>>> print(open('run.cif').read())   # mmCIF, C-alpha atoms and all ligand atoms
data_run
#
loop_
_atom_site.label_atom_id
_atom_site.label_comp_id
_atom_site.auth_asym_id
_atom_site.auth_seq_id
_atom_site.Cartn_x
_atom_site.Cartn_y
_atom_site.Cartn_z
CA MET M 1 234.29 179.87 83.26
CA SER M 2 230.53 179.80 83.40
CA ASN M 3 228.13 182.66 84.11
CA PRO M 4 226.51 182.74 87.55
CA TYR M 5 223.40 180.57 87.75
CA HIS M 6 220.94 179.48 90.37
CA PHE M 7 219.61 175.99 90.95
CA GLN M 8 216.76 175.21 93.31
CA THR M 9 215.11 171.84 93.72
CA VAL M 10 212.71 169.77 95.81
CA LYS M 11 213.39 168.84 99.43
CA HIS M 12 212.98 165.04 99.40
CA ILE M 13 213.19 162.44 96.65
CA VAL M 14 212.18 158.87 97.54
CA HIS M 15 213.19 156.51 94.75
CA GLY M 16 212.73 152.83 94.00
CA ALA M 17 210.19 150.32 92.70
CA GLY M 18 207.48 149.89 95.33
CA SER M 19 208.36 153.14 97.13
CA LEU M 20 204.76 154.38 96.98
CA ASN M 21 204.14 151.99 99.90
CA LEU M 22 206.37 154.24 102.00
CA LEU M 23 204.06 157.22 101.54
CA PRO M 24 202.25 157.12 104.92
CA GLU M 25 205.48 157.08 106.90
CA LYS M 26 207.09 159.74 104.67
CA LEU M 27 204.37 162.23 105.70
CA ALA M 28 206.49 162.69 108.82
CA LEU M 29 209.03 164.52 106.64
CA LEU M 30 206.62 167.45 106.34
CA ASP M 31 207.08 170.35 108.74
CA THR M 32 203.53 170.22 110.12
CA PRO M 33 201.27 167.25 110.96
CA ILE M 34 198.72 166.54 108.22
CA LYS M 35 195.20 165.27 108.91
CA ARG M 36 193.36 166.23 105.69
CA ILE M 37 194.84 165.63 102.28
CA ALA M 38 193.42 165.99 98.76
CA LEU M 39 194.61 163.26 96.39
CA ILE M 40 194.56 164.41 92.78
CA THR M 41 194.57 161.52 90.35
CA GLN M 42 193.10 160.14 87.11
CA PRO M 43 190.68 157.30 86.33
CA ALA M 44 193.51 155.42 84.55
CA ILE M 45 195.49 155.37 87.80
CA GLU M 46 192.51 154.27 89.86
CA ALA M 47 192.19 151.35 87.47
CA LEU M 48 195.66 150.21 88.57
CA GLY M 49 194.24 149.65 92.07
CA VAL M 50 196.87 151.75 93.84
CA ILE M 51 194.60 154.56 94.98
CA GLU M 52 192.61 152.32 97.34
CA GLN M 53 195.85 151.15 98.94
CA VAL M 54 197.11 154.69 99.39
CA VAL M 55 193.83 155.84 100.95
CA ALA M 56 193.88 152.84 103.32
CA GLY M 57 197.51 153.48 104.26
CA LEU M 58 196.74 157.12 105.04
CA ALA M 59 193.56 156.23 106.95
CA ALA M 60 195.71 154.00 109.15
CA LYS M 61 197.62 157.17 110.09
CA ASP M 62 194.32 159.03 110.79
CA VAL M 63 194.58 161.08 107.62
CA GLU M 64 191.29 161.91 105.87
CA VAL M 65 191.60 161.78 102.08
CA LEU M 66 189.48 163.43 99.38
CA VAL M 67 190.06 161.69 96.03
CA VAL M 68 189.77 164.13 93.11
CA ARG M 69 189.59 162.62 89.63
CA ASP M 70 188.18 165.39 87.42
CA VAL M 71 191.34 167.03 86.10
CA GLU M 72 191.34 166.64 82.31
CA PRO M 73 194.38 165.52 80.32
CA GLU M 74 196.37 168.68 79.43
CA PRO M 75 193.87 170.70 81.48
CA THR M 76 192.38 174.02 80.48
CA ILE M 77 192.63 176.92 82.88
CA GLY M 78 188.82 176.71 83.31
CA ASN M 79 189.00 173.03 84.28
CA VAL M 80 191.64 173.72 86.93
CA GLU M 81 189.61 176.65 88.36
CA ALA M 82 186.38 174.62 88.39
CA VAL M 83 187.88 171.60 90.17
CA PHE M 84 189.46 173.93 92.70
CA ARG M 85 186.22 175.80 93.38
CA ASP M 86 183.93 172.74 93.50
CA GLN M 87 186.11 170.17 95.25
CA ILE M 88 189.41 171.40 96.67
CA ALA M 89 188.35 174.68 98.30
CA PRO M 90 185.33 173.23 100.19
CA PHE M 91 187.49 170.39 101.59
CA ALA M 92 190.29 172.80 102.65
CA PRO M 93 193.08 170.22 102.68
CA GLN M 94 196.29 170.79 104.66
CA ALA M 95 198.37 169.16 101.92
CA ILE M 96 198.08 168.05 98.30
CA LEU M 97 199.06 164.60 97.10
CA SER M 98 199.05 163.80 93.40
CA ILE M 99 199.54 160.47 91.67
CA GLY M 100 199.38 160.70 87.89
CA GLY M 101 200.83 162.04 84.67
CA GLY M 102 202.04 165.58 84.10
CA SER M 103 198.50 166.83 83.56
CA VAL M 104 197.32 166.04 87.07
CA LEU M 105 200.64 166.88 88.71
CA ASP M 106 200.51 170.34 87.15
CA ALA M 107 196.92 170.90 88.29
CA ALA M 108 197.79 169.63 91.78
CA LYS M 109 200.66 172.12 92.02
CA LEU M 110 198.26 174.93 91.16
CA PHE M 111 195.74 173.73 93.75
CA ALA M 112 198.42 173.80 96.45
CA VAL M 113 199.16 177.49 95.84
CA ARG M 114 195.57 178.43 95.09
CA LEU M 115 194.69 177.40 98.65
CA THR M 116 196.94 180.15 100.02
CA ASN M 117 196.53 182.81 97.30
CA ASP M 118 193.17 184.35 96.49
CA GLN M 119 193.98 185.18 92.89
CA PRO M 120 192.58 183.81 89.62
CA LEU M 121 195.05 181.58 87.76
CA ARG M 122 195.14 184.00 84.83
CA GLU M 123 197.11 186.45 86.96
CA TRP M 124 199.88 183.88 87.36
CA LEU M 125 200.64 183.21 83.69
CA GLY M 126 204.34 183.97 83.39
CA ILE M 127 207.22 183.94 85.84
CA ASP M 128 207.20 184.50 89.62
CA LEU M 129 203.72 185.98 89.90
CA ILE M 130 202.49 183.73 92.75
CA ARG M 131 202.85 185.63 96.04
CA ASN M 132 202.52 183.11 98.87
CA PRO M 133 203.91 179.60 99.27
CA GLY M 134 201.25 176.90 99.01
CA VAL M 135 200.32 174.01 101.27
CA PRO M 136 202.84 171.11 101.18
CA MET M 137 202.81 168.91 98.08
CA ILE M 138 203.72 165.28 97.55
CA LEU M 139 204.00 164.32 93.88
CA VAL M 140 204.12 160.81 92.44
CA PRO M 141 204.57 160.68 88.65
CA THR M 142 203.04 157.79 86.71
CA THR M 143 204.43 158.71 83.29
CA ALA M 144 208.10 159.04 82.37
CA GLY M 145 207.55 161.73 81.70
CA THR M 146 207.26 165.38 82.02
CA GLY M 147 209.59 165.68 85.00
CA SER M 148 206.87 167.96 86.41
CA GLU M 149 207.47 166.45 89.85
CA VAL M 150 210.74 168.40 90.09
CA THR M 151 210.04 171.50 88.00
CA PRO M 152 208.72 174.87 89.20
CA ASN M 153 206.33 174.90 86.21
CA ALA M 154 202.67 174.16 85.59
CA ILE M 155 201.26 174.22 82.07
CA VAL M 156 197.63 175.14 81.33
CA THR M 157 195.70 175.30 78.07
CA LEU M 158 193.99 178.58 77.15
CA PRO M 159 191.21 177.47 74.80
CA ASP M 160 190.31 181.05 73.74
CA GLU M 161 193.83 181.69 72.53
CA GLU M 162 194.33 178.09 71.36
CA LEU M 163 197.60 178.07 73.27
CA LYS M 164 199.32 176.35 76.18
CA VAL M 165 201.00 178.64 78.69
CA GLY M 166 203.39 178.11 81.57
CA ILE M 167 203.09 179.30 85.15
CA VAL M 168 206.56 179.37 86.69
CA SER M 169 207.18 179.89 90.39
CA ARG M 170 209.44 178.56 93.09
CA HIS M 171 206.23 177.95 95.07
CA LEU M 172 205.36 175.16 92.61
CA LEU M 173 208.14 172.88 93.85
CA PRO M 174 206.89 170.02 96.05
CA GLN M 175 208.28 168.98 99.43
CA ILE M 176 208.32 165.25 98.63
CA VAL M 177 208.66 163.34 95.35
CA ILE M 178 208.10 159.60 95.21
CA LEU M 179 209.54 157.93 92.10
CA ASP M 180 208.08 154.44 91.83
CA ALA M 181 208.61 153.01 88.36
CA SER M 182 206.37 150.03 89.09
CA LEU M 183 203.44 152.43 88.54
CA THR M 184 204.48 152.71 84.88
CA LEU M 185 204.64 148.98 84.07
CA GLY M 186 201.19 149.10 82.46
CA LEU M 187 201.59 152.47 80.76
CA PRO M 188 200.08 152.09 77.27
CA LYS M 189 202.51 152.07 74.35
CA ALA M 190 201.46 155.38 72.82
CA ILE M 191 201.84 157.16 76.19
CA THR M 192 205.21 155.47 76.82
CA ALA M 193 206.34 156.79 73.43
CA ALA M 194 205.05 160.34 73.76
CA THR M 195 206.12 160.91 77.36
CA GLY M 196 209.51 159.22 76.86
CA MET M 197 210.30 161.42 73.87
CA ASP M 198 209.11 164.50 75.80
CA ALA M 199 211.65 163.67 78.51
CA PHE M 200 214.42 163.34 75.92
CA VAL M 201 213.43 166.72 74.46
CA HIS M 202 213.65 168.31 77.92
CA SER M 203 217.20 167.12 78.26
CA LEU M 204 218.45 167.90 74.78
CA GLU M 205 216.82 171.34 74.81
CA SER M 206 218.37 172.05 78.22
CA TYR M 207 221.75 170.90 76.93
CA ILE M 208 221.68 173.31 73.99
CA SER M 209 219.84 176.11 75.84
CA THR M 210 221.50 179.51 76.06
CA LYS M 211 221.10 179.05 79.83
CA ALA M 212 222.88 175.66 79.95
CA ASN M 213 225.25 175.39 82.92
CA PRO M 214 227.29 172.64 84.60
CA ILE M 215 224.39 171.43 86.74
CA SER M 216 221.88 171.27 83.90
CA ASP M 217 224.50 169.64 81.64
CA MET M 218 225.10 166.86 84.15
CA PHE M 219 221.42 165.99 84.54
CA ALA M 220 220.70 166.42 80.82
CA MET M 221 223.51 164.14 79.73
CA GLU M 222 222.64 161.34 82.14
CA SER M 223 218.98 161.69 81.21
CA MET M 224 219.73 161.36 77.48
CA ARG M 225 221.98 158.39 78.14
CA LEU M 226 219.27 156.58 80.13
CA ILE M 227 216.43 157.41 77.75
CA GLY M 228 218.44 156.72 74.59
CA ALA M 229 219.36 153.27 75.89
CA ASN M 230 215.87 152.38 77.10
CA ILE M 231 213.07 154.09 75.20
CA VAL M 232 212.64 151.42 72.55
CA GLU M 233 212.88 148.65 75.17
CA ALA M 234 210.25 150.35 77.37
CA TYR M 235 208.02 150.73 74.30
CA GLU M 236 208.39 147.16 73.09
CA HIS M 237 208.56 145.42 76.48
CA GLY M 238 206.52 147.61 78.80
CA ASP M 239 206.78 145.05 81.61
CA SER M 240 210.57 145.47 81.86
CA ILE M 241 211.09 147.10 85.27
CA LYS M 242 214.71 147.77 84.33
CA ALA M 243 213.68 149.83 81.29
CA ARG M 244 210.87 151.51 83.22
CA GLU M 245 213.19 152.50 86.08
CA ALA M 246 215.69 153.94 83.63
CA MET M 247 212.94 155.94 81.93
CA MET M 248 211.60 157.22 85.27
CA LEU M 249 215.03 158.38 86.41
CA GLY M 250 215.81 159.81 82.97
CA SER M 251 212.56 161.73 83.06
CA MET M 252 213.26 163.21 86.51
CA TYR M 253 216.78 164.18 85.44
CA GLY M 254 215.19 165.86 82.42
CA GLY M 255 212.97 167.87 84.79
CA LEU M 256 216.01 168.87 86.83
CA ALA M 257 217.88 169.87 83.67
CA LEU M 258 215.03 172.01 82.39
CA THR M 259 214.60 173.64 85.80
CA ALA M 260 218.24 174.70 85.61
CA ALA M 261 218.40 175.68 81.93
CA GLY M 262 214.93 175.85 80.34
CA THR M 263 213.51 174.30 77.21
CA ALA M 264 213.63 176.16 73.92
CA ALA M 265 212.22 176.32 70.39
CA VAL M 266 210.98 172.72 70.23
CA HIS M 267 208.61 173.38 73.13
CA ALA M 268 207.71 176.84 71.79
CA LEU M 269 206.67 175.37 68.42
CA ALA M 270 204.91 172.42 70.09
CA TYR M 271 202.56 174.55 72.20
CA PRO M 272 200.42 175.83 69.30
CA LEU M 273 200.19 172.30 67.90
CA GLY M 274 198.68 171.30 71.25
CA GLY M 275 196.50 174.39 71.55
CA MET M 276 195.14 174.46 67.98
CA PHE M 277 195.14 170.78 66.96
CA ASN M 278 195.12 168.90 70.29
CA ILE M 279 198.32 167.11 69.40
CA THR M 280 199.66 165.40 72.54
CA HIS M 281 202.51 167.37 74.10
CA GLY M 282 205.15 164.64 73.74
CA VAL M 283 204.10 163.76 70.19
CA ALA M 284 204.39 167.37 69.03
CA ASN M 285 207.81 167.67 70.68
CA ALA M 286 209.10 164.41 69.22
CA MET M 287 207.98 165.38 65.72
CA LEU M 288 209.65 168.78 65.90
CA LEU M 289 212.88 167.76 67.61
CA PRO M 290 215.02 166.63 64.62
CA HIS M 291 213.89 169.58 62.51
CA VAL M 292 214.55 172.23 65.15
CA MET M 293 217.96 170.69 65.83
CA ALA M 294 218.73 170.73 62.08
CA PHE M 295 217.81 174.44 62.06
CA ASN M 296 220.05 175.08 65.09
CA LEU M 297 222.88 172.89 63.80
CA ASP M 298 225.50 175.48 62.86
CA ALA M 299 225.22 177.14 66.30
CA ILE M 300 225.48 173.92 68.36
CA VAL M 301 227.39 171.42 66.29
CA GLU M 302 229.97 170.76 69.02
CA ARG M 303 227.33 170.26 71.70
CA LEU M 304 225.32 167.84 69.54
CA ALA M 305 228.52 165.98 68.68
CA THR M 306 229.32 165.65 72.39
CA VAL M 307 225.91 164.08 72.99
CA ALA M 308 226.33 161.73 70.02
CA ARG M 309 229.65 160.51 71.39
CA ALA M 310 228.35 160.13 74.96
CA LEU M 311 225.47 158.02 73.65
CA ASP M 312 227.86 155.85 71.58
CA LEU M 313 226.20 156.95 68.36
CA SER M 314 229.51 158.18 66.98
CA GLY M 315 233.16 157.16 67.23
CA PRO M 316 236.41 159.18 67.43
CA ALA M 317 236.87 159.02 63.64
CA ASP M 318 233.75 161.13 63.00
CA SER M 319 233.98 164.89 62.54
CA ALA M 320 231.77 167.05 64.75
CA ASP M 321 229.44 167.61 61.78
CA THR M 322 229.10 163.90 61.15
CA ALA M 323 228.57 163.11 64.84
CA ALA M 324 225.91 165.83 65.22
CA GLN M 325 224.10 164.57 62.14
CA LYS M 326 224.16 161.03 63.55
CA LEU M 327 222.38 162.27 66.68
CA ILE M 328 219.70 164.04 64.62
CA ASP M 329 219.21 160.90 62.51
CA GLN M 330 218.99 158.74 65.62
CA ILE M 331 216.30 160.98 67.13
CA ALA M 332 214.22 160.55 63.96
CA ALA M 333 214.86 156.79 64.12
CA TRP M 334 213.69 156.56 67.77
CA THR M 335 210.58 158.55 66.88
CA ALA M 336 209.83 156.12 64.05
CA ALA M 337 210.60 153.08 66.24
CA VAL M 338 207.97 154.20 68.77
CA ASP M 339 205.42 154.84 65.99
CA ILE M 340 205.14 158.61 66.33
CA PRO M 341 204.06 160.01 62.96
CA GLN M 342 206.24 162.38 60.97
CA ASP M 343 203.42 164.07 59.06
CA LEU M 344 201.28 166.81 60.60
CA ARG M 345 198.52 166.11 58.06
CA VAL M 346 197.62 163.10 60.23
CA PHE M 347 196.35 165.66 62.75
CA GLY M 348 194.57 167.90 60.24
CA VAL M 349 197.34 170.47 59.76
CA SER M 350 197.89 171.83 56.25
CA GLU M 351 199.86 174.60 54.54
CA GLU M 352 197.09 177.13 55.18
CA HIS M 353 197.59 176.80 58.97
CA LEU M 354 201.30 177.57 58.96
CA ASP M 355 200.97 181.37 59.30
CA ALA M 356 198.77 181.07 62.38
CA LEU M 357 201.00 178.40 63.91
CA ALA M 358 204.13 180.50 63.38
CA VAL M 359 202.52 183.63 64.87
CA ALA M 360 201.34 181.64 67.90
CA ALA M 361 204.77 180.08 68.40
CA SER M 362 206.45 183.49 68.16
CA LYS M 363 204.51 184.52 71.29
CA VAL M 364 206.21 181.86 73.41
CA LYS M 365 209.05 184.29 74.08
CA ARG M 366 209.98 182.77 77.47
CA LEU M 367 211.22 179.62 75.69
CA LEU M 368 212.40 181.12 72.40
CA ALA M 369 214.83 183.23 74.43
CA ASN M 370 216.62 179.98 75.40
CA ASN M 371 217.10 178.85 71.80
CA PRO M 372 220.67 179.15 70.49
CA LYS M 373 219.40 180.81 67.28
CA ALA M 374 216.67 183.40 66.82
CA LEU M 375 213.73 182.24 64.69
CA SER M 376 211.98 184.57 62.23
CA LEU M 377 208.37 183.82 61.29
CA ASP M 378 209.67 182.41 58.00
CA ASP M 379 212.15 180.14 59.83
CA THR M 380 209.34 178.87 62.03
CA LYS M 381 207.06 178.21 59.08
CA ALA M 382 209.86 176.39 57.29
CA ILE M 383 210.30 174.08 60.31
CA TYR M 384 206.57 173.29 60.44
CA ARG M 385 206.59 172.78 56.67
CA ARG M 386 209.20 170.02 57.02
CA LEU M 387 206.48 168.12 58.87
CA LEU M 388 204.20 168.37 55.81
CA PRO M 389 206.40 166.20 53.57
N1 LIG M 401 205.29 171.02 84.62
C1 LIG M 401 206.20 170.72 83.73
O1 LIG M 401 207.37 170.96 83.96
C2 LIG M 401 205.80 170.05 82.46
C3 LIG M 401 206.78 169.62 81.56
C4 LIG M 401 206.35 169.01 80.38
C5 LIG M 401 205.00 168.83 80.14
N2 LIG M 401 204.07 169.28 81.01
C6 LIG M 401 202.63 169.13 80.78
O2 LIG M 401 202.23 167.83 81.22
C7 LIG M 401 201.10 167.41 80.46
C8 LIG M 401 201.36 166.05 79.85
O3 LIG M 401 201.62 165.11 80.86
P1 LIG M 401 201.93 163.59 80.49
O4 LIG M 401 202.70 163.57 79.23
O5 LIG M 401 202.51 162.95 81.68
O6 LIG M 401 200.51 162.98 80.14
P2 LIG M 401 199.10 163.04 80.90
O7 LIG M 401 199.25 163.35 82.33
O8 LIG M 401 198.20 163.91 80.09
O9 LIG M 401 198.64 161.53 80.78
C9 LIG M 401 198.36 160.97 79.50
C10 LIG M 401 197.37 159.83 79.66
O10 LIG M 401 198.03 158.75 80.31
C11 LIG M 401 197.22 158.21 81.35
N3 LIG M 401 198.14 157.64 82.33
C12 LIG M 401 199.03 158.31 83.09
N4 LIG M 401 199.76 157.44 83.83
C13 LIG M 401 199.33 156.19 83.52
C14 LIG M 401 199.70 154.87 83.95
N5 LIG M 401 200.70 154.67 84.82
N6 LIG M 401 199.04 153.82 83.44
C15 LIG M 401 198.04 154.02 82.54
N7 LIG M 401 197.64 155.24 82.07
C16 LIG M 401 198.28 156.31 82.57
C17 LIG M 401 196.45 159.42 81.82
O11 LIG M 401 195.25 159.05 82.46
C18 LIG M 401 196.17 160.17 80.52
O12 LIG M 401 195.01 159.69 79.90
C19 LIG M 401 200.89 168.47 79.40
O13 LIG M 401 199.86 169.35 79.81
C20 LIG M 401 202.22 169.18 79.33
O14 LIG M 401 202.12 170.49 78.84
C21 LIG M 401 204.46 169.86 82.18
FE FE M 402 207.69 168.87 77.69
#
>>> encode(input="run.cif", output="structure tokens")
Amino acid sequence: MSNPYHFQTVKHIVHGAGSLNLLPEKLALLDTPIKRIALITQPAIEALGVIEQVVAGLAAKDVEVLVVRDVEPEPTIGNVEAVFRDQIAPFAPQAILSIGGGSVLDAAKLFAVRLTNDQPLREWLGIDLIRNPGVPMILVPTTAGTGSEVTPNAIVTLPDEELKVGIVSRHLLPQIVILDASLTLGLPKAITAATGMDAFVHSLESYISTKANPISDMFAMESMRLIGANIVEAYEHGDSIKAREAMMLGSMYGGLALTAAGTAAVHALAYPLGGMFNITHGVANAMLLPHVMAFNLDAIVERLATVARALDLSGPADSADTAAQKLIDQIAAWTAAVDIPQDLRVFGVSEEHLDALAVAASKVKRLLANNPKALSLDDTKAIYRRLLP
């Protein structure tokens, strides 16, 4: 018997290579007619040539579009506020469309609720602090990915505290998600690696979360199966639409899993690496994953063994211990295969930083609460130290 749990998700998911072309007609799914839309994107996406097509398609439906391209990668709270004040608020859009990686999707989600809530973003840090629903949102991910398109979360960087913090609210779920893997065919290798590993972390952390439940387990398992079978292929042969579609679906399932169960200590320890050393979110997660799982091992050996067997990493002859260890080894092998470093010194981290990192990680209580084992400051330091071999 499982404990009661609650699962909420987006209204519409449109899936398939080329489905971005359906965007103008899908606007009819929204409850109110839309004539002014802000399109939040990134220069790298404009370079793909898709933004012009989208703007033309919307113009053909008499929709005026403001293209916003000034959200920074892994945006600071100040960047999100400034773009809202200078561009979004004066245009007063009736809906928000975003085409991009997790960074712009997260900012777009905050813009949608900022339009209907006159509160500074700082007051929203935490869970369920946004009062009013926002304007409708349509999200189109171009990395695979954060799963942000289906999560009620937005992550901002607080430069003063050298930390990344989550804003969690049911009002951050979009009305329409368009999953078009053809947008990821040209995703550079390093981004394919980091975002693909991030998606795997979402699913494995959800699977071993103290809040895991049958719905999160189902999405997490299928996500890990898809990503495990395709991440190296997507990295080595980025033009494989089959691998890219698998990664895109796996990433969305990861977002659904984490919405239902939450991520845990890997994400908690990754945030200070992003905040203090600018280490890309997915890279920090990938580096930490095998070491946090090794720390958790005695509490979750059966669960890790189940994953190892489902991913064909282990056969019936293996004990649970052996199977679990095979999964941890395979995670390290994937990380190496996609050229993610295993040494934090590459990013300027050394022994003298470990106290500050551990203290910062200990503040991410929302995620540490989901970890199957409690972490003392010494435990946390010991995990970081394993990345200073
Ligand atoms: N909301 C959530 O649930 C959630 C979950 C995990 C992570 N996040 C957050 O998401 C952010 C990371 O997002 P991300 O990993 O998607 O990376 P990103 O959005 O920062 O993008 C990384 C880089 O890739 C480029 N890019 C994106 N798509 C491309 C494409 N198709 N072709 C070429 N270049 C492309 C971008 O311009 C950018 O320079 C972090 O701030 C992280 O904390 C949010
Ligand atoms: Fe993540």
>>> residues_around(input="run.cif", residues="segment 368-382 of chain M", least_positions_apart="4", cutoff="6 Å", atoms="only C-alpha atoms", output="list in words")
Ser209, Thr210, Ala264, Ala265, Leu354 and Ala358 of chain M
>>> closest_atom_pairs(input="run.cif", of="chain M", to="ligand LIG 401 (chain M)", cutoff="8 Å", atoms="only C-alpha atoms and all ligand atoms", output="CSV")
residue,atom,partner,partner_atom,distance
M:Gln42,CA,M:LIG401,O11,5.2
M:Pro43,CA,M:LIG401,O11,6.2
M:Ala44,CA,M:LIG401,O11,4.5
M:Ile45,CA,M:LIG401,C14,5.7
M:Leu48,CA,M:LIG401,N6,7.1
M:Glu72,CA,M:LIG401,O8,7.7
M:Pro73,CA,M:LIG401,O8,4.2
M:Glu74,CA,M:LIG401,O13,3.6
M:Pro75,CA,M:LIG401,O13,6.4
M:Gly100,CA,M:LIG401,N4,5.2
M:Gly101,CA,M:LIG401,O7,3.1
M:Gly102,CA,M:LIG401,O3,3.3
M:Ser103,CA,M:LIG401,O7,3.8
M:Val104,CA,M:LIG401,O7,5.8
M:Leu105,CA,M:LIG401,O7,7.4
M:Asp106,CA,M:LIG401,N1,5.5
M:Pro141,CA,M:LIG401,N4,7.5
M:Thr142,CA,M:LIG401,N5,4.3
M:Thr143,CA,M:LIG401,N4,4.9
M:Ala144,CA,M:LIG401,O5,6.9
M:Gly145,CA,M:LIG401,O5,5.2
M:Thr146,CA,M:LIG401,C4,4.1
M:Gly147,CA,M:LIG401,O1,5.8
M:Ser148,CA,M:LIG401,N1,3.9
M:Glu149,CA,M:LIG401,N1,7.3
M:Val150,CA,M:LIG401,O1,7.4
M:Thr151,CA,M:LIG401,O1,4.9
M:Pro152,CA,M:LIG401,O1,6.7
M:Asn153,CA,M:LIG401,N1,4.3
M:Ala154,CA,M:LIG401,N1,4.2
M:Ile155,CA,M:LIG401,O14,5.0
M:Val156,CA,M:LIG401,O13,6.4
M:Thr157,CA,M:LIG401,O13,7.5
M:Lys164,CA,M:LIG401,O14,7.0
M:Gly166,CA,M:LIG401,N1,7.9
M:Leu183,CA,M:LIG401,N5,5.1
M:Thr184,CA,M:LIG401,N5,4.3
M:Leu185,CA,M:LIG401,N5,7.0
M:Gly186,CA,M:LIG401,N6,5.3
M:Leu187,CA,M:LIG401,N6,3.9
M:Pro188,CA,M:LIG401,C15,6.0
M:Ile191,CA,M:LIG401,O10,5.8
M:Ala194,CA,M:LIG401,O4,6.8
M:Thr195,CA,M:LIG401,O4,4.7
M:Asp198,CA,M:LIG401,C4,7.0
M:Ala199,CA,M:LIG401,C4,7.8
M:His202,CA,M:LIG401,C4,7.7
M:Gly255,CA,M:LIG401,O1,6.4
M:Leu258,CA,M:LIG401,O1,7.9
M:Thr259,CA,M:LIG401,O1,7.9
M:Tyr271,CA,M:LIG401,O14,7.8
M:Thr280,CA,M:LIG401,C8,7.5
M:His281,CA,M:LIG401,C20,5.5
M:Gly282,CA,M:LIG401,O4,6.1
>>> closest_residue(input="run.cif", among="M:Ala212, M:Met224, M:Leu97, M:Ala336", to="Ala260 of chain M", atoms="all atoms listed in the file")
M:Ala212
>>> atom_distance(input="run.cif", atom1="atom CA of Gly262 of chain M", atom2="atom CA of Met293 of chain M")
15.7 Å
>>> residues_near_point(input="run.cif", point="(233.6, 162.1, 65.1)", cutoff="12 Å", atoms="all atoms listed in the file", output="list in words")
Val301, Glu302, Leu304, Ala305, Thr306, Val307, Ala308, Arg309, Ala310, Asp312, Leu313, Ser314, Gly315, Pro316, Ala317, Asp318, Ser319, Ala320, Asp321, Thr322, Ala323, Ala324, Gln325, Lys326 and Leu327 of chain M
>>> residues_around(input="run.cif", residues="segment 55-64 of chain M", least_positions_apart="2", cutoff="10 Å", atoms="all atoms listed in the file", output="list in words")
Asn21, Leu22, Leu23, Pro24, Glu25, Leu27, Pro33, Ile34, Lys35, Arg36, Ile37, Ala38, Leu39, Val50, Ile51, Glu52, Gln53, Leu66, Val67 and Pro93 of chain M
>>> write_last_selection(input="run.cif", atoms="C-alpha atoms", output="short mmCIF file (atom, residue, chain, number, x, y, z; two decimals), in the frame of the given file")
data_model
loop_
_atom_site.label_atom_id
_atom_site.label_comp_id
_atom_site.auth_asym_id
_atom_site.auth_seq_id
_atom_site.Cartn_x
_atom_site.Cartn_y
_atom_site.Cartn_z
CA ASN M 21 204.14 151.99 99.90
CA LEU M 22 206.37 154.24 102.00
CA LEU M 23 204.06 157.22 101.54
CA PRO M 24 202.25 157.12 104.92
CA GLU M 25 205.48 157.08 106.90
CA LEU M 27 204.37 162.23 105.70
CA PRO M 33 201.27 167.25 110.96
CA ILE M 34 198.72 166.54 108.22
CA LYS M 35 195.20 165.27 108.91
CA ARG M 36 193.36 166.23 105.69
CA ILE M 37 194.84 165.63 102.28
CA ALA M 38 193.42 165.99 98.76
CA LEU M 39 194.61 163.26 96.39
CA VAL M 50 196.87 151.75 93.84
CA ILE M 51 194.60 154.56 94.98
CA GLU M 52 192.61 152.32 97.34
CA GLN M 53 195.85 151.15 98.94
CA LEU M 66 189.48 163.43 99.38
CA VAL M 67 190.06 161.69 96.03
CA PRO M 93 193.08 170.22 102.68
#
>>> atom_distance(input="run.cif", atom1="atom CA of Asp31 of chain M", atom2="atom CA of Pro136 of chain M")
8.7 Å
>>> residues_around(input="run.cif", residues="Arg131 of chain M", least_positions_apart="6", cutoff="10 Å", atoms="all atoms listed in the file", output="list in words")
Val113, Thr116, Asn117, Asp118, Gln119, Trp124, Ser169 and His171 of chain M
>>> residues_around(input="run.cif", residues="Pro290 of chain M", least_positions_apart="2", cutoff="9 Å", atoms="all atoms listed in the file", output="list in words")
Ala286, Met287, Leu288, Val292, Met293, Ala294, Phe295, Leu327, Ile328, Asp329, Gln330, Ile331 and Ala332 of chain M
>>> axis_aligned_box(input="run.cif", around="segment 229-241 of chain M", padding_each_side="4 Å", output="lines of an AutoDock Vina configuration file")
center_x = 212.9
center_y = 149.6
center_z = 78.9
size_x = 20.8
size_y = 17.0
size_z = 20.7
>>> residues_around(input="run.cif", residues="segment 79-86 of chain M", least_positions_apart="3", cutoff="9 Å", atoms="only C-alpha atoms", output="VMD selection string")
chain M and resid 68 70 to 72 75 to 76 89 to 90 107 to 108 110 to 111 114 to 115 120 to 121 156
>>> atom_distance(input="run.cif", atom1="atom CA of Phe200 of chain M", atom2="atom CA of Ser223 of chain M")
7.2 Å
>>> residues_near_point(input="run.cif", point="(217.9, 171.1, 95.7)", cutoff="12 Å", atoms="all atoms listed in the file", output="NGL selection string")
:M and (6-13 or 150-152 or 170 or 173-176 or 215 or 256 or 259-260)
>>> closest_residue(input="run.cif", among="M:Ser206, M:Asn230, M:Asn213, M:Asn296", to="ligand FE 402 (chain M)", atoms="all atoms listed in the file")
M:Ser206
